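A quick write-up on the structure given underneath.
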Amino acid sequence: MRALFLLIVLAFAAAAAAAEAPPPLSAYGRLPLIEDAALSPDGENLAVVVTDGETRFAVVKHVGDYKLVAGIRAGERKVRWIRWAGPKHLLMSWSTTSLVPFVDAPRREWSLALDFNLVNHRQTGLMQGVPDTLNTILGEPQVRIIKGHPFAFVEGTHFVANVGYASLFRVDLDHGYTNLVGEGWANLQTWLVDPNGLPLAAEEYNSDARKWTLKVKSGGGWRTATTMEEQIDFPEVVGLGRNGGSILIAWGKDGRESLVEAPENGGAWPQPIATENDLDPVFDDTTEELIGVRSLVGDDLRYTCFDPQDQKIWDAVLKAYPGAEVRLVSLAANHRRMIVFVDSPDDGPAYALVDIDTGKGVWLGGAYDAALPALASKKPIAFKAADGTPLTGYLTVPKGADPKGLPLVVFPHGGPAARDEPGFDWWAQAMASRGYAVLQVNFRGSDGFGWDFAAAGFGQFGRKMQTDLSDGVHYLAAEGVIDAKRACIVGASYGGYAALAGAALQPGVYRCAVSVAGISDLRRMVAWDKTQSTSWVERYWLRYLGLDRLKDPKLEEISPIDHVGQVTIPILLIHGKDDTVVPYEQSQLMADALQKAGKPVQFVTLNHEDHWLSSGDTRLQMLEATLDFLARNNPA
C-alpha cells in the first residue's frame, strides 16, 4: 500500500489524482513529493526529504511501525542530500547562491551542512564558528566510525595570511568538537581519509601548468604518486576502493569511464576494475568502501556487485519490480535492508523500502503521484542523421493519443556532454499531458556512447549537433508520427542554446522556440567562463567549438545573437537571476537584440532561481510560461 510521510503531502496527491485529466501543471512543475531518502546503518530508521511542492521537510521514521521519530523543517532551503553518520546523526546539506564578503571569489553556489542529533534533537551547523574558516563545505563529508563514535571529515576553506585553502577538518559529532587535521596548500582539490580517519591521499590540479597530481601520505609528509600534464580529461579521486585499502580513481578517458584502485603506497596503477561508456561507483553507506559499479548500457541500467551475495540480493530485488528501472538509494550496514528508487512505466517514479529477511517491499511514496492519471508512454527510437550517423533517443507520446500527425516539441538535453535516459522526465511528461509528442535526441557529442560518438560532436556546436535534432523531426514526419509544420524546440542550458540556434540558424524548421538559461553569445560566454574557473575551461570550449583560439571570428557563425536577422518565429527566453552557470545576461542580451530587430520575443525572469530550477514556485513559473507560449504559437 502506498504511504506518504506527511498528511499534507497525502492530501495533495489524493486531490490531484482524483482530478480530471490533464492534471494541473503543478503536478509536474512543483517539487517532487519525495526528493531523497536514506536508511540508518542499523536499518532501524529511515529519513526522507519530502515537500508540499515548495517547502521541504526532512522526516525521520522508525522502520516497522513507521512512527515519526523527528522532523526538520528545511523550508525553502535547496536541500541537496541527506545521509546518516552512525545511527543517531543525520547530516543534511543545502546550497545558496551568494557572494562572500571580503573574499575574492565570484558569485557562486555555496554548500552548507548541519548535523541533526536524534538523541537531543539538536541541530548543529557543520563548520560554524571555526576560526579563520568559512562556514561552507567543499564536497560531501567523509564519515568514519572511530572507537564507536561517528566523525565527519569535512573539507572547508581555511584562511592563512588572507589566502583560503581547501583544508580538512574532523568533526566529533557526539561531542560537538571540530579540529583542523590537514592544512591545505595551493592547487589542492580533494582530500581522502582512510578507514581510521587519517589523511590518505590528496589531489592537486595546477591550472597554469595544466598538471594533475596524486599525492599519498608518507610518514609525516606527502609523496607524489602520479602526475599527468596537458590533458582535458584528468583522473579524479572519488573514494576508497574495496576493503578500504586503496584509492579509488575515476578516469573518463577517450570517451569511456574507468575505475582504478591505486595502491595506498602510491605504486603503479593496476588495470581498471571496471570500464564502460557510462559508469558510476557504488559505495557502502556505512564504511564508504567500494562494493560495486552501476552502468547504463544503452537503455539497460546494470548493477555489478563484487560480493556474490550482494549480487544475489540485488537480482532478487529486480525480480520484485519487473519492467521498472530500479536504482539503489541507500543501504543498511548488513545489506539486508535498502531503499530503492523504482521508475515504472505504469506507476511512475517512487521510493520503496526492501527488507530481504522478510521478503517484503514497502512502498514509501511516489515522487509525482499527481501526474500519474496522464502518464505518457516513453519509448526508445533509433534513426540515422543525414550523413548516416546512427542516432538514438526517446519519444514521449500523450496518453491515449493516436501517434499520427501529432504536434511536436523537440527537447534537447543540456551539457552537451550529457545524455537523455529512459525513465520519467517531469518536463517532457508535462508537455505530453498537453497533447504534444516530445522528442529527446542523444545527438553526436552526447556522453555515454563511446569516444567516437563523443568526438563526433567536437566542433559541431550549431552544426551537426544541431542538424541531428532536425533530422529527428524529418524522421518522425516520414514515419507519419508528427506534423513537421507543427514542431517547436524547447531546451535548457545547452538545450537552450540549441533552441536559439534552431530559431536563428535553421529558419523554416521550427514554429517557435523556448530557451531556458540558454547561451546566446558564445564569445561573451567563453570570456565570462574563463573568469570563473581554470584554464581547463578554455580547453573544453576549444574542443567543443572546434577552434584554435577563443577569439576566432568563426564564433559568430554559431552564436544565435549574431543571426537575429534570420529569426522568423516567436522566441520565449526564461532565465534565473541567480544562475551561476550561464549568466542571466545571456538571455537579457538576446532579448534586447531581438527587440531591436523587431522580432517577436518574450522574456521571463525567474527571481532568486539558479541554473537547476531548484525552487518549486519558479520551476512552476517556468513550466506555465512555456506551455502557455506553446499553446499560443503551436496549439495542440
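Identifiers in this document derive from the order of the C-alpha cells: chains are assigned A, B, ..., residues are numbered from 1 separately in each chain, and ligands are numbered from 1 in order of occurrence.
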
Contacts of segment 426-434 of chain A at 8 Å (only C-alpha atoms; same-chain gap of 2+ positions) as number ranges by chain: A: 22-23, 25, 28-29, 374-376, 396-399, 409, 411, 424, 436-438, 623, 627, 636

In segment 10-203 of chain A, DSSP helix (DSSP H, G or I) residues written as a PyMOL selection string: chain A and resi 10-18+26-29

Output C-alpha atoms for every residue in that selection, as an mmCIF file, in the first residue's frame.
data_model
loop_
_atom_site.group_PDB
_atom_site.id
_atom_site.type_symbol
_atom_site.label_atom_id
_atom_site.label_comp_id
_atom_site.auth_asym_id
_atom_site.auth_seq_id
_atom_site.Cartn_x
_atom_site.Cartn_y
_atom_site.Cartn_z
ATOM 1 C CA LEU A 10 -1.061 12.715 1.099
ATOM 2 C CA ALA A 11 -3.904 15.175 0.685
ATOM 3 C CA PHE A 12 -2.122 16.953 -2.134
ATOM 4 C CA ALA A 13 -1.522 13.732 -4.057
ATOM 5 C CA ALA A 14 -5.000 12.319 -3.493
ATOM 6 C CA ALA A 15 -6.732 15.508 -4.602
ATOM 7 C CA ALA A 16 -4.656 15.774 -7.759
ATOM 8 C CA ALA A 17 -5.065 12.086 -8.614
ATOM 9 C CA ALA A 18 -8.830 12.434 -8.332
ATOM 10 C CA SER A 26 1.664 21.981 -10.617
ATOM 11 C CA ALA A 27 1.608 18.164 -10.721
ATOM 12 C CA TYR A 28 4.795 18.416 -12.790
ATOM 13 C CA GLY A 29 6.288 21.826 -12.089
#

Test item: residues at most 10 Å from segment 110-127 of chain A, only C-alpha atoms, excluding those fewer than 6 positions along its chain, as a ChimeraX atom specification: /A:60,69-72,78-85,87-100,133-141,152,154-157,169-171,173-174,176,178-179

Please, could you write that set of residues out with C-alpha atoms as a CSV table (one decimal), in the first residue's frame?
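Saved the output as out_15.csv:
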chain,number,residue,atom,x,y,z
A,60,VAL,CA,12.7,10.5,10.3
A,69,VAL,CA,10.9,10.0,15.3
A,70,ALA,CA,11.8,13.5,14.3
A,71,GLY,CA,11.4,16.2,11.7
A,72,ILE,CA,13.4,19.1,10.4
A,78,LYS,CA,17.7,24.0,-1.5
A,79,VAL,CA,18.4,20.6,0.1
A,80,ARG,CA,21.0,18.7,-1.9
A,81,TRP,CA,21.4,15.5,0.1
A,82,ILE,CA,20.8,13.7,3.4
A,83,ARG,CA,22.9,10.9,4.9
A,84,TRP,CA,23.5,9.1,8.1
A,85,ALA,CA,26.6,9.3,10.3
A,87,PRO,CA,22.6,5.5,13.9
A,88,LYS,CA,22.0,8.7,15.8
A,89,HIS,CA,23.2,11.5,13.5
A,90,LEU,CA,21.5,12.7,10.3
A,91,LEU,CA,23.6,15.0,8.1
A,92,MET,CA,21.8,17.4,5.7
A,93,SER,CA,23.3,19.7,3.1
A,94,TRP,CA,21.8,22.6,1.1
A,95,SER,CA,23.1,25.3,-1.1
A,96,THR,CA,22.7,29.0,-1.6
A,97,THR,CA,23.8,31.5,-4.3
A,98,SER,CA,25.9,34.2,-2.9
A,99,LEU,CA,29.0,36.4,-2.8
A,100,VAL,CA,31.1,36.0,0.3
A,133,THR,CA,37.3,29.4,8.1
A,134,LEU,CA,34.2,29.8,6.0
A,135,ASN,CA,31.0,28.1,7.3
A,136,THR,CA,30.6,26.4,3.9
A,137,ILE,CA,31.7,22.9,2.9
A,138,LEU,CA,33.6,21.7,-0.2
A,139,GLY,CA,32.1,18.4,-1.4
A,140,GLU,CA,30.4,15.8,0.8
A,141,PRO,CA,31.8,14.9,4.2
A,152,ALA,CA,32.6,13.7,9.9
A,154,VAL,CA,34.8,17.9,6.2
A,155,GLU,CA,36.7,19.9,3.6
A,156,GLY,CA,36.4,23.6,4.2
A,157,THR,CA,38.1,26.9,3.2
A,169,PHE,CA,38.5,19.2,9.5
A,170,ARG,CA,37.4,16.5,11.8
A,171,VAL,CA,34.0,17.0,13.4
A,173,LEU,CA,29.5,14.5,16.1
A,174,ASP,CA,28.8,13.1,19.6
A,176,GLY,CA,30.5,18.7,19.0
A,178,THR,CA,35.8,20.5,15.3
A,179,ASN,CA,39.6,20.3,14.7

Exercise: segment 247-254 of chain A partners within 9 Å, only C-alpha atoms, chain neighbours under 2 positions left out, as a ChimeraX atom specification: /A:192,200-201,233-242,244-245,256-264,266,277,280-281,290,450-452,454-455
